[in-house]
Amino acid sequence: MRPKVACITAIIIACAWVVCVPAGAVQYRNYNYDFWGEAVPSPQAYILKRVITGNDLGVGALKEPMDIFVREGLGIFLLDTGNSRIICLDEDWNVIRVINDFEREGVKEKLNRPLGLFVTAEGHIYVACQGDERVVVLDQEGRFVRQIGRPQTDIEGLIPDGFVYRPAKVVVDQARRTYVLATDQYEGLLEFDVDGNFKGFIGAPQVRPSLADYIWRKIATKRQRERMGLFLPTEFTSIDLDEIGFIYATVPPGDSGRYDAIRRLNPSGEDVLRRQGFHPPIGDVAFPPQWTRASVWGPSIFVDIAARENDVYSALDGKRGRVFTYDGQGNLLFVFGNTGDYRDAFSNPVAIDTIGREIVVLDSGAKCVKVFRPTEYANAILSAIECYGSGKYDESTRLWERVLEMDANCDLAYQGIGQSLLVQDRFREAMDYFKLGNDRVGYSEAYGHYRREVAADYFGFIVLFVFVCLLAVYLCVRYEVFSKLDRMLMDEEDQDIGYRTGPQTDIQV
């Protein structure tokens with residue numbers, strides 16, 4: 001009897017706990033990293049808004065979905081790889097059309113293992129089809145426009161021997177140049193011009209051998225060197241395009257250095273990403289090493305990245321199911337997400353994009369799309385950055401102060417207020433906030449301006465003082481004041497000596 005009572009009591013307590021959990025609660029704790037690389041608690045930045053499956057859309061179950069793309073004004077494009085189709089939706093998640101096949105030269109063709117897609121502002125859909133080694137270009141109605149096949153060139157050595165073209169991701173910039181990320185190749189991104197002609201490779205992530213590797217290669221025998229792996233560049237894992245045409249790219253941690261996990265490539269292929277935060281944009285700063293008993297160990301592995309407004313970007317960690325959001329300086333704004341079987345966690349996240357400030361994550365393992373909305377905390381941070389970028393410094397300061405009300409330990413808020421005060425020439429106040437935010441670079445800049453400001457305020461007094469001193473010296477020399485003063489002192493000394501010695505008289509007894 002007692003086991004039954006205990007079981008019923010446990011069920012009642014569990015049900016009561018579930019009922020008492022707030023609707024916006026999540027099953028994991030949010031955090032950020034401080035100056036010393038320690039994980040500190042932080043308010044929740046994003047909360048699950050809805051989960052969308054293929055059955056919810058009325059198109060049947062998804063099968064191995066691999067990519068999602070949002071184009072403002074055109075809608076949402078979901079790449080259902082296993083079913084070889086593109087699901088086109090509006091921004092309210094209503095299905096507009098489903099592209100299963102297309103007609104090319106009178107023959108119907110299907111998408112052969114499509115892995116990545118990109119939609120231009122004109123509505124052209126670029127699909128990276130790894131199965132037929134090509135990028136297919138369709139219009140909004142799903143009609144065939146053209147294709148970009150295997151790279152061809154007359155320049156000897158530009159394409160390495162044994163090169164296998166397996167396109168996985170694609171982006172197109174404002175000049176209609178096409179950049180393709182291919183699987184298992186290390187030369188960088190493939191660049192095609194407006195007519196689809198191959199121009200070359202850009203942005204190859206170079207390997208940085210360690211000192212131990214270098215020394216070992218020097219002392220190893222010829223046979224040992226032949227058996228050792230080559231120092232090959234690593235490959236990109238994902239790419240995205242920002243609003244000015246720069247490419248955000250992710251690379252796995254390894255020989256290339258985990259501090260370059262995210263890169264921002266200009267049209268020349270140079271990495272121009274700013275890394276001025278406490279730590280580089282690498283995801284988790286602290287994590288269990290390989291030799292521990294942790295179920296998940298090692299650094300974050302970014303599987304996708306989404307460029308956002310105001311130089312903000314969000315990267316998706318496929319290993320732990322977390323979304324890391326950074327500003328243009330490389331400061332970590334907030335983190336959310338986890339892996340697990342519960343509703344607001346991920347099974348196998350593969351792609352990320354944004355609808356306004358909402359974040360959309362494609363979970364291939366759960367065969368669904370999860371939409372997250374920002375909390376007041378995240379909205380305040382994003383609005384503060386936006387106001388600062390548009391010159392509304394007082395409003396930006398007010399928003400950062402609101403962030404501090406929700407998280408008094410937010411170093412970024414102190415830095416944000418310091419930056420707003422700095423551009424308003426309130427250098428002394430900026431120094432105080434930079435100090436609270438552990439921003440040494442900002443403090444040094446504010447201190448330099450403050451020092452010049454103080455020197456400028458007292459410059460007139462200093463010049464007048466020096467002028468008076470020089471004039472006094474000139475007059476003293478001109479009228480021999482020092483010589484006269486010296487003679488006066490000598491006369492006074494002689495008189496004093498005579499007074500102390502007095503007259504000498506002989507006394508006879």
# chains A, B, ... in the order shown; residues from 1 in each chain; ligands from 1
>>> residues_around(residues="region 190-206 of chain A", least_positions_apart="3", cutoff="7 Å", atoms="only C-alpha atoms", output="PyMOL selection string")
chain A and resi 148+151-153+176-181+186-187+233-235+256+265+269-270
>>> atom_distance(atom1="CA of Asp425 (chain A)", atom2="CA of Ala384 (chain A)")
18.8 Å
>>> closest_residue(among="A:Leu422, A:Tyr259, A:Asp284, A:Val473", to="Tyr450 (chain A)", atoms="only C-alpha atoms")
A:Leu422
>>> select_by_dssp(residues="region 65-238 of chain A", states="strand (DSSP E or B)", output="ChimeraX atom specification")
/A:65-71,75-80,85-89,95-99,101-104,107-110,114-119,125-129,134-138,144-148,167-172,178-182,189-192,198-202,238
>>> write_last_selection(atoms="C-alpha atoms", output="compact mmCIF listing (two decimals), in the first residue's frame")
# COMPACT_ATOMS: atom_id res chain seq x y z
CA PRO A 65 16.18 19.30 -43.86
CA MET A 66 19.55 21.02 -44.28
CA ASP A 67 19.10 24.77 -44.83
CA ILE A 68 16.76 27.70 -44.31
CA PHE A 69 16.97 31.20 -45.77
CA VAL A 70 14.97 34.34 -45.00
CA ARG A 71 14.75 37.21 -47.49
CA GLY A 75 9.57 35.22 -47.46
CA ILE A 76 11.12 32.08 -45.99
CA PHE A 77 12.73 29.30 -48.02
CA LEU A 78 13.13 25.88 -46.43
CA LEU A 79 15.37 23.29 -48.08
CA ASP A 80 14.02 19.78 -47.45
CA ARG A 85 12.24 20.08 -52.53
CA ILE A 86 12.14 23.74 -51.59
CA ILE A 87 9.21 24.92 -49.44
CA CYS A 88 8.48 28.61 -50.04
CA LEU A 89 6.58 30.41 -47.28
CA VAL A 95 3.03 27.92 -47.71
CA ILE A 96 3.18 29.79 -51.02
CA ARG A 97 4.51 26.97 -53.20
CA VAL A 98 6.59 23.82 -53.10
CA ILE A 99 9.30 23.39 -55.74
CA ASP A 101 11.25 19.81 -59.89
CA PHE A 102 11.95 22.18 -62.76
CA GLU A 103 12.01 22.01 -66.54
CA ARG A 104 15.30 22.47 -68.39
CA VAL A 107 13.16 17.89 -69.78
CA LYS A 108 11.98 17.75 -66.16
CA GLU A 109 14.76 17.50 -63.60
CA LYS A 110 14.93 17.19 -59.84
CA PRO A 114 20.54 19.97 -52.40
CA LEU A 115 22.49 21.12 -49.32
CA GLY A 116 22.43 24.94 -49.38
CA LEU A 117 20.39 27.77 -50.83
CA PHE A 118 20.52 31.52 -51.21
CA VAL A 119 17.85 33.95 -52.47
CA ILE A 125 16.96 31.03 -55.86
CA TYR A 126 20.48 29.58 -55.92
CA VAL A 127 20.61 25.91 -54.85
CA ALA A 128 23.87 24.04 -54.23
CA CYS A 129 23.20 20.53 -55.50
CA ARG A 134 26.29 22.17 -59.85
CA VAL A 135 24.49 25.26 -58.56
CA VAL A 136 20.98 25.54 -60.00
CA VAL A 137 19.40 28.99 -60.37
CA LEU A 138 15.58 29.22 -60.31
CA PHE A 144 14.96 27.18 -64.47
CA VAL A 145 17.17 30.22 -65.17
CA ARG A 146 20.68 28.79 -65.53
CA GLN A 147 23.23 26.63 -63.78
CA ILE A 148 26.81 26.98 -62.59
CA PRO A 167 29.03 22.30 -53.63
CA ALA A 168 27.45 22.61 -50.18
CA LYS A 169 26.74 26.33 -49.59
CA VAL A 170 26.32 29.32 -51.88
CA VAL A 171 25.99 33.12 -51.53
CA VAL A 172 25.64 35.91 -54.12
CA THR A 178 28.69 33.85 -56.77
CA TYR A 179 30.72 32.25 -53.97
CA VAL A 180 30.48 28.50 -53.45
CA LEU A 181 31.61 26.48 -50.46
CA ALA A 182 32.56 22.97 -51.58
CA LEU A 189 35.68 29.58 -51.58
CA LEU A 190 35.13 29.26 -55.31
CA GLU A 191 34.36 32.60 -56.97
CA PHE A 192 32.27 32.85 -60.17
CA PHE A 198 35.23 30.59 -62.63
CA LYS A 199 37.58 33.32 -61.37
CA GLY A 200 39.55 31.51 -58.67
CA PHE A 201 39.65 30.72 -54.94
CA ILE A 202 39.50 33.26 -52.12
CA SER A 238 29.31 27.56 -43.54
>>> select_by_dssp(residues="region 28-267 of chain A", states="helix (DSSP H, G or I)", output="list in words")
Gly54, Asn55, Asp56, Leu57, Thr81, Gly82, Asn83, Leu211, Ala212, Asp213, Tyr214, Ile215, Trp216, Arg217, Lys218, Ile219, Lys222, Arg223, Gln224, Arg225, Glu226, Arg227, Arg258, Tyr259 and Asp260 of chain A
>>> write_last_selection(atoms="N, CA and C atoms", output="PDB file, in the first residue's frame")
ATOM      1  N   GLY A  54       6.705  19.876 -40.755  1.00  0.00           N
ATOM      2  CA  GLY A  54       6.150  19.777 -42.088  1.00  0.00           C
ATOM      3  C   GLY A  54       4.659  19.513 -42.067  1.00  0.00           C
ATOM      4  N   ASN A  55       4.210  18.722 -41.095  1.00  0.00           N
ATOM      5  CA  ASN A  55       2.779  18.460 -40.978  1.00  0.00           C
ATOM      6  C   ASN A  55       2.019  19.722 -40.601  1.00  0.00           C
ATOM      7  N   ASP A  56       2.644  20.584 -39.761  1.00  0.00           N
ATOM      8  CA  ASP A  56       2.009  21.864 -39.422  1.00  0.00           C
ATOM      9  C   ASP A  56       1.833  22.728 -40.665  1.00  0.00           C
ATOM     10  N   LEU A  57       2.777  22.632 -41.594  1.00  0.00           N
ATOM     11  CA  LEU A  57       2.701  23.416 -42.819  1.00  0.00           C
ATOM     12  C   LEU A  57       1.767  22.786 -43.855  1.00  0.00           C
ATOM     13  N   THR A  81      16.061  18.543 -47.853  1.00  0.00           N
ATOM     14  CA  THR A  81      17.003  17.779 -48.669  1.00  0.00           C
ATOM     15  C   THR A  81      16.539  16.358 -48.943  1.00  0.00           C
ATOM     16  N   GLY A  82      16.081  15.673 -47.912  1.00  0.00           N
ATOM     17  CA  GLY A  82      15.678  14.286 -48.089  1.00  0.00           C
ATOM     18  C   GLY A  82      14.536  14.110 -49.076  1.00  0.00           C
ATOM     19  N   ASN A  83      13.674  15.101 -49.187  1.00  0.00           N
ATOM     20  CA  ASN A  83      12.557  15.050 -50.135  1.00  0.00           C
ATOM     21  C   ASN A  83      12.856  15.801 -51.421  1.00  0.00           C
ATOM     22  N   LEU A 211      54.653  25.076 -32.465  1.00  0.00           N
ATOM     23  CA  LEU A 211      56.112  25.022 -32.342  1.00  0.00           C
ATOM     24  C   LEU A 211      56.593  23.589 -32.255  1.00  0.00           C
ATOM     25  N   ALA A 212      55.826  22.737 -31.563  1.00  0.00           N
ATOM     26  CA  ALA A 212      56.209  21.332 -31.438  1.00  0.00           C
ATOM     27  C   ALA A 212      56.189  20.640 -32.809  1.00  0.00           C
ATOM     28  N   ASP A 213      55.167  20.954 -33.632  1.00  0.00           N
ATOM     29  CA  ASP A 213      55.108  20.367 -34.978  1.00  0.00           C
ATOM     30  C   ASP A 213      56.314  20.799 -35.809  1.00  0.00           C
ATOM     31  N   TYR A 214      56.667  22.067 -35.698  1.00  0.00           N
ATOM     32  CA  TYR A 214      57.793  22.584 -36.479  1.00  0.00           C
ATOM     33  C   TYR A 214      59.104  21.907 -36.069  1.00  0.00           C
ATOM     34  N   ILE A 215      59.329  21.793 -34.763  1.00  0.00           N
ATOM     35  CA  ILE A 215      60.564  21.174 -34.275  1.00  0.00           C
ATOM     36  C   ILE A 215      60.611  19.699 -34.664  1.00  0.00           C
ATOM     37  N   TRP A 216      59.476  19.010 -34.538  1.00  0.00           N
ATOM     38  CA  TRP A 216      59.445  17.592 -34.862  1.00  0.00           C
ATOM     39  C   TRP A 216      59.759  17.350 -36.338  1.00  0.00           C
ATOM     40  N   ARG A 217      59.256  18.214 -37.210  1.00  0.00           N
ATOM     41  CA  ARG A 217      59.545  18.057 -38.634  1.00  0.00           C
ATOM     42  C   ARG A 217      61.028  18.279 -38.924  1.00  0.00           C
ATOM     43  N   LYS A 218      61.658  19.126 -38.118  1.00  0.00           N
ATOM     44  CA  LYS A 218      63.085  19.390 -38.339  1.00  0.00           C
ATOM     45  C   LYS A 218      63.955  18.211 -37.928  1.00  0.00           C
ATOM     46  N   ILE A 219      63.566  17.497 -36.877  1.00  0.00           N
ATOM     47  CA  ILE A 219      64.410  16.426 -36.370  1.00  0.00           C
ATOM     48  C   ILE A 219      63.978  15.057 -36.871  1.00  0.00           C
ATOM     49  N   LYS A 222      63.438  11.278 -42.952  1.00  0.00           N
ATOM     50  CA  LYS A 222      62.690  11.456 -44.191  1.00  0.00           C
ATOM     51  C   LYS A 222      61.464  10.560 -44.222  1.00  0.00           C
ATOM     52  N   ARG A 223      61.624   9.331 -43.785  1.00  0.00           N
ATOM     53  CA  ARG A 223      60.498   8.397 -43.779  1.00  0.00           C
ATOM     54  C   ARG A 223      59.418   8.843 -42.804  1.00  0.00           C
ATOM     55  N   GLN A 224      59.811   9.360 -41.641  1.00  0.00           N
ATOM     56  CA  GLN A 224      58.837   9.849 -40.672  1.00  0.00           C
ATOM     57  C   GLN A 224      58.082  11.056 -41.221  1.00  0.00           C
ATOM     58  N   ARG A 225      58.800  11.948 -41.918  1.00  0.00           N
ATOM     59  CA  ARG A 225      58.130  13.124 -42.484  1.00  0.00           C
ATOM     60  C   ARG A 225      57.119  12.715 -43.552  1.00  0.00           C
ATOM     61  N   GLU A 226      57.446  11.662 -44.312  1.00  0.00           N
ATOM     62  CA  GLU A 226      56.522  11.210 -45.339  1.00  0.00           C
ATOM     63  C   GLU A 226      55.243  10.639 -44.733  1.00  0.00           C
ATOM     64  N   ARG A 227      55.379  10.045 -43.552  1.00  0.00           N
ATOM     65  CA  ARG A 227      54.216   9.453 -42.897  1.00  0.00           C
ATOM     66  C   ARG A 227      53.397  10.482 -42.135  1.00  0.00           C
ATOM     67  N   ARG A 258      41.776  27.824 -33.022  1.00  0.00           N
ATOM     68  CA  ARG A 258      40.376  27.986 -32.641  1.00  0.00           C
ATOM     69  C   ARG A 258      39.992  29.446 -32.486  1.00  0.00           C
ATOM     70  N   TYR A 259      40.959  30.358 -32.498  1.00  0.00           N
ATOM     71  CA  TYR A 259      40.634  31.768 -32.371  1.00  0.00           C
ATOM     72  C   TYR A 259      40.171  32.377 -33.688  1.00  0.00           C
ATOM     73  N   ASP A 260      40.245  31.616 -34.768  1.00  0.00           N
ATOM     74  CA  ASP A 260      39.755  32.070 -36.067  1.00  0.00           C
ATOM     75  C   ASP A 260      38.513  31.299 -36.480  1.00  0.00           C
TER      76      ASP A 260
END
>>> atom_distance(atom1="CA of Leu399 (chain A)", atom2="CA of Ala380 (chain A)")
5.7 Å
>>> closest_residue(among="A:Phe287, A:Phe346, A:Phe372, A:Tyr479", to="Val360 (chain A)", atoms="only C-alpha atoms")
A:Phe372
>>> residues_around(residues="Thr325 (chain A)", least_positions_apart="6", cutoff="10 Å", atoms="only C-alpha atoms", output="MDAnalysis selection string")
chainID A and resid 281 283 305:308 312:316 331:336
>>> residues_around(residues="region 317-320 of chain A", least_positions_apart="2", cutoff="6 Å", atoms="only C-alpha atoms", output="PDB file with all heavy atoms, in the first residue's frame")
ATOM      1  N   SER A 300      33.679  24.647 -29.169  1.00  0.00           N
ATOM      2  CA  SER A 300      32.469  24.749 -29.980  1.00  0.00           C
ATOM      3  C   SER A 300      32.800  24.512 -31.448  1.00  0.00           C
ATOM      4  O   SER A 300      33.887  24.847 -31.918  1.00  0.00           O
ATOM      5  CB  SER A 300      31.834  26.131 -29.813  1.00  0.00           C
ATOM      6  OG  SER A 300      31.515  26.387 -28.463  1.00  0.00           O
ATOM      7  N   ILE A 301      31.846  23.938 -32.171  1.00  0.00           N
ATOM      8  CA  ILE A 301      31.965  23.734 -33.610  1.00  0.00           C
ATOM      9  C   ILE A 301      30.787  24.419 -34.276  1.00  0.00           C
ATOM     10  O   ILE A 301      29.638  23.983 -34.154  1.00  0.00           O
ATOM     11  CB  ILE A 301      31.992  22.238 -33.973  1.00  0.00           C
ATOM     12  CG1 ILE A 301      33.195  21.551 -33.343  1.00  0.00           C
ATOM     13  CG2 ILE A 301      32.023  22.067 -35.493  1.00  0.00           C
ATOM     14  CD1 ILE A 301      33.276  20.069 -33.639  1.00  0.00           C
ATOM     15  N   PHE A 302      31.062  25.515 -34.965  1.00  0.00           N
ATOM     16  CA  PHE A 302      29.993  26.279 -35.610  1.00  0.00           C
ATOM     17  C   PHE A 302      29.600  25.603 -36.924  1.00  0.00           C
ATOM     18  O   PHE A 302      30.441  25.336 -37.782  1.00  0.00           O
ATOM     19  CB  PHE A 302      30.447  27.712 -35.876  1.00  0.00           C
ATOM     20  CG  PHE A 302      30.672  28.518 -34.628  1.00  0.00           C
ATOM     21  CD1 PHE A 302      31.834  29.248 -34.458  1.00  0.00           C
ATOM     22  CD2 PHE A 302      29.726  28.541 -33.623  1.00  0.00           C
ATOM     23  CE1 PHE A 302      32.042  29.997 -33.307  1.00  0.00           C
ATOM     24  CE2 PHE A 302      29.924  29.276 -32.465  1.00  0.00           C
ATOM     25  CZ  PHE A 302      31.084  30.001 -32.308  1.00  0.00           C
ATOM     26  N   VAL A 303      28.301  25.356 -37.071  1.00  0.00           N
ATOM     27  CA  VAL A 303      27.787  24.731 -38.291  1.00  0.00           C
ATOM     28  C   VAL A 303      27.079  25.728 -39.202  1.00  0.00           C
ATOM     29  O   VAL A 303      26.840  25.433 -40.369  1.00  0.00           O
ATOM     30  CB  VAL A 303      26.826  23.570 -37.945  1.00  0.00           C
ATOM     31  CG1 VAL A 303      27.577  22.464 -37.211  1.00  0.00           C
ATOM     32  CG2 VAL A 303      25.643  24.058 -37.107  1.00  0.00           C
ATOM     33  N   ARG A 322      24.006  25.585 -29.051  1.00  0.00           N
ATOM     34  CA  ARG A 322      23.930  26.933 -28.495  1.00  0.00           C
ATOM     35  C   ARG A 322      24.096  27.974 -29.589  1.00  0.00           C
ATOM     36  O   ARG A 322      24.803  27.749 -30.574  1.00  0.00           O
ATOM     37  CB  ARG A 322      25.001  27.127 -27.418  1.00  0.00           C
ATOM     38  CG  ARG A 322      24.780  26.231 -26.207  1.00  0.00           C
ATOM     39  CD  ARG A 322      25.961  26.238 -25.260  1.00  0.00           C
ATOM     40  NE  ARG A 322      25.711  25.341 -24.131  1.00  0.00           N
ATOM     41  CZ  ARG A 322      26.629  24.954 -23.261  1.00  0.00           C
ATOM     42  NH1 ARG A 322      27.874  25.403 -23.381  1.00  0.00           N
ATOM     43  NH2 ARG A 322      26.326  24.137 -22.272  1.00  0.00           N
ATOM     44  N   ASN A 338      20.442  24.758 -26.086  1.00  0.00           N
ATOM     45  CA  ASN A 338      21.038  23.565 -25.502  1.00  0.00           C
ATOM     46  C   ASN A 338      20.592  22.360 -26.321  1.00  0.00           C
ATOM     47  O   ASN A 338      19.724  22.479 -27.180  1.00  0.00           O
ATOM     48  CB  ASN A 338      20.603  23.413 -24.042  1.00  0.00           C
ATOM     49  CG  ASN A 338      21.606  22.626 -23.227  1.00  0.00           C
ATOM     50  OD1 ASN A 338      22.481  21.967 -23.779  1.00  0.00           O
ATOM     51  ND2 ASN A 338      21.482  22.682 -21.907  1.00  0.00           N
ATOM     52  N   THR A 339      21.195  21.221 -26.069  1.00  0.00           N
ATOM     53  CA  THR A 339      20.757  19.985 -26.704  1.00  0.00           C
ATOM     54  C   THR A 339      19.963  19.152 -25.709  1.00  0.00           C
ATOM     55  O   THR A 339      20.201  19.216 -24.498  1.00  0.00           O
ATOM     56  CB  THR A 339      21.962  19.166 -27.197  1.00  0.00           C
ATOM     57  OG1 THR A 339      22.867  18.957 -26.106  1.00  0.00           O
ATOM     58  CG2 THR A 339      22.682  19.886 -28.315  1.00  0.00           C
ATOM     59  N   PRO A 349      20.954  20.661 -34.614  1.00  0.00           N
ATOM     60  CA  PRO A 349      20.771  21.943 -35.311  1.00  0.00           C
ATOM     61  C   PRO A 349      21.733  22.077 -36.471  1.00  0.00           C
ATOM     62  O   PRO A 349      22.933  21.790 -36.334  1.00  0.00           O
ATOM     63  CB  PRO A 349      21.057  22.980 -34.223  1.00  0.00           C
ATOM     64  CG  PRO A 349      21.978  22.281 -33.269  1.00  0.00           C
ATOM     65  CD  PRO A 349      21.574  20.829 -33.294  1.00  0.00           C
TER      66      PRO A 349
END
>>> residues_around(residues="Asn112 (chain A)", least_positions_apart="5", cutoff="9 Å", atoms="only C-alpha atoms", output="PDB file with N, CA and C atoms, in the first residue's frame")
ATOM      1  N   THR A  81      16.061  18.543 -47.853  1.00  0.00           N
ATOM      2  CA  THR A  81      17.003  17.779 -48.669  1.00  0.00           C
ATOM      3  C   THR A  81      16.539  16.358 -48.943  1.00  0.00           C
ATOM      4  N   SER A  84      14.076  16.328 -51.561  1.00  0.00           N
ATOM      5  CA  SER A  84      14.508  17.032 -52.778  1.00  0.00           C
ATOM      6  C   SER A  84      13.507  18.119 -53.177  1.00  0.00           C
ATOM      7  N   CYS A 129      23.562  21.944 -55.365  1.00  0.00           N
ATOM      8  CA  CYS A 129      23.197  20.531 -55.503  1.00  0.00           C
ATOM      9  C   CYS A 129      24.479  19.695 -55.550  1.00  0.00           C
ATOM     10  N   GLN A 130      24.745  19.001 -54.476  1.00  0.00           N
ATOM     11  CA  GLN A 130      25.988  18.242 -54.411  1.00  0.00           C
ATOM     12  C   GLN A 130      25.925  16.975 -55.264  1.00  0.00           C
ATOM     13  N   GLY A 131      24.718  16.452 -55.449  1.00  0.00           N
ATOM     14  CA  GLY A 131      24.571  15.213 -56.204  1.00  0.00           C
ATOM     15  C   GLY A 131      24.971  15.342 -57.656  1.00  0.00           C
ATOM     16  N   ASP A 132      24.622  16.483 -58.320  1.00  0.00           N
ATOM     17  CA  ASP A 132      25.025  16.652 -59.720  1.00  0.00           C
ATOM     18  C   ASP A 132      26.129  17.662 -59.921  1.00  0.00           C
ATOM     19  N   GLU A 133      26.823  18.052 -58.830  1.00  0.00           N
ATOM     20  CA  GLU A 133      27.997  18.927 -58.906  1.00  0.00           C
ATOM     21  C   GLU A 133      27.679  20.222 -59.651  1.00  0.00           C
TER      22      GLU A 133
END
>>> atom_distance(atom1="CA of Asp407 (chain A)", atom2="CA of Ala261 (chain A)")
28.3 Å
>>> residues_around(residues="Val272 (chain A)", least_positions_apart="4", cutoff="10 Å", atoms="only C-alpha atoms", output="count of residues only")
6
>>> closest_residue(among="A:Ile244, A:Thr53, A:Gly142, A:Gly460", to="Lys370 (chain A)", atoms="only C-alpha atoms")
A:Thr53
>>> closest_residue(among="A:Arg478, A:Asp242, A:Tyr447, A:Asp154", to="Gln174 (chain A)", atoms="only C-alpha atoms")
A:Asp242
>>> residues_around(residues="Tyr342 (chain A)", least_positions_apart="2", cutoff="12 Å", atoms="only C-alpha atoms", output="list in words")
Val26, Gln27, Tyr28, Leu48, Val51, Gly337, Asn338, Thr339, Gly340, Asp344, Ala345, Phe346, Ser347 and Ala366 of chain A
>>> write_last_selection(atoms="N, CA, C and O atoms", output="compact mmCIF listing (two decimals), in the first residue's frame")
# COMPACT_ATOMS: atom_id res chain seq x y z
N VAL A 26 12.73 28.22 -19.29
CA VAL A 26 13.51 27.33 -20.13
C VAL A 26 14.17 26.29 -19.24
O VAL A 26 14.27 26.45 -18.02
N GLN A 27 14.64 25.21 -19.86
CA GLN A 27 15.19 24.08 -19.11
C GLN A 27 16.70 24.19 -18.92
O GLN A 27 17.34 23.19 -18.61
N TYR A 28 17.28 25.34 -19.12
CA TYR A 28 18.72 25.51 -18.95
C TYR A 28 18.99 26.92 -18.46
O TYR A 28 18.15 27.82 -18.60
N LEU A 48 11.64 30.32 -26.63
CA LEU A 48 10.96 29.63 -27.73
C LEU A 48 9.58 30.22 -27.97
O LEU A 48 8.78 30.36 -27.05
N VAL A 51 7.17 25.97 -32.56
CA VAL A 51 7.83 24.88 -33.27
C VAL A 51 7.00 24.56 -34.50
O VAL A 51 5.78 24.40 -34.41
N GLY A 337 20.27 28.39 -25.79
CA GLY A 337 20.14 27.11 -26.47
C GLY A 337 20.85 25.98 -25.76
O GLY A 337 21.75 26.19 -24.93
N ASN A 338 20.44 24.76 -26.09
CA ASN A 338 21.04 23.57 -25.50
C ASN A 338 20.59 22.36 -26.32
O ASN A 338 19.72 22.48 -27.18
N THR A 339 21.19 21.22 -26.07
CA THR A 339 20.76 19.98 -26.70
C THR A 339 19.96 19.15 -25.71
O THR A 339 20.20 19.22 -24.50
N GLY A 340 19.01 18.41 -26.20
CA GLY A 340 18.18 17.58 -25.34
C GLY A 340 16.88 17.21 -26.02
O GLY A 340 16.65 17.52 -27.20
N ASP A 344 12.37 23.27 -26.04
CA ASP A 344 13.17 24.42 -26.46
C ASP A 344 14.64 24.07 -26.63
O ASP A 344 15.49 24.96 -26.70
N ALA A 345 14.97 22.79 -26.73
CA ALA A 345 16.34 22.34 -26.99
C ALA A 345 16.42 21.78 -28.40
O ALA A 345 15.42 21.66 -29.11
N PHE A 346 17.64 21.43 -28.83
CA PHE A 346 17.86 20.95 -30.18
C PHE A 346 18.37 19.51 -30.17
O PHE A 346 19.05 19.09 -29.23
N SER A 347 18.05 18.82 -31.23
CA SER A 347 18.55 17.47 -31.42
C SER A 347 19.78 17.48 -32.33
O SER A 347 20.84 16.97 -31.96
N ALA A 366 15.24 16.76 -35.19
CA ALA A 366 13.82 16.78 -34.80
C ALA A 366 12.91 17.04 -35.99
O ALA A 366 11.68 17.04 -35.83
>>> decode(residues="region 240-265 of chain A", atoms="C-alpha atoms", output="mmCIF file, in the first residue's frame")
data_model
loop_
_atom_site.group_PDB
_atom_site.id
_atom_site.type_symbol
_atom_site.label_atom_id
_atom_site.label_comp_id
_atom_site.auth_asym_id
_atom_site.auth_seq_id
_atom_site.Cartn_x
_atom_site.Cartn_y
_atom_site.Cartn_z
ATOM 1 C CA ASP A 240 26.624 33.950 -45.072
ATOM 2 C CA LEU A 241 26.553 37.424 -46.590
ATOM 3 C CA ASP A 242 26.038 40.684 -44.673
ATOM 4 C CA GLU A 243 24.251 43.793 -45.912
ATOM 5 C CA ILE A 244 27.364 45.361 -47.462
ATOM 6 C CA GLY A 245 28.577 42.260 -49.275
ATOM 7 C CA PHE A 246 31.165 40.882 -46.829
ATOM 8 C CA ILE A 247 31.189 37.125 -46.268
ATOM 9 C CA TYR A 248 30.912 35.653 -42.783
ATOM 10 C CA ALA A 249 32.496 32.199 -42.718
ATOM 11 C CA THR A 250 33.008 29.552 -40.054
ATOM 12 C CA VAL A 251 35.796 26.997 -39.785
ATOM 13 C CA PRO A 252 36.146 24.047 -37.412
ATOM 14 C CA PRO A 253 38.673 24.246 -34.571
ATOM 15 C CA GLY A 254 41.950 22.492 -35.192
ATOM 16 C CA ASP A 255 45.235 23.266 -36.892
ATOM 17 C CA SER A 256 43.998 26.627 -38.144
ATOM 18 C CA GLY A 257 43.630 27.857 -34.564
ATOM 19 C CA ARG A 258 40.376 27.986 -32.641
ATOM 20 C CA TYR A 259 40.634 31.768 -32.371
ATOM 21 C CA ASP A 260 39.755 32.070 -36.067
ATOM 22 C CA ALA A 261 36.553 30.029 -35.823
ATOM 23 C CA ILE A 262 34.624 32.951 -37.373
ATOM 24 C CA ARG A 263 35.967 35.097 -40.180
ATOM 25 C CA ARG A 264 34.689 38.081 -42.121
ATOM 26 C CA LEU A 265 36.044 38.157 -45.648
#
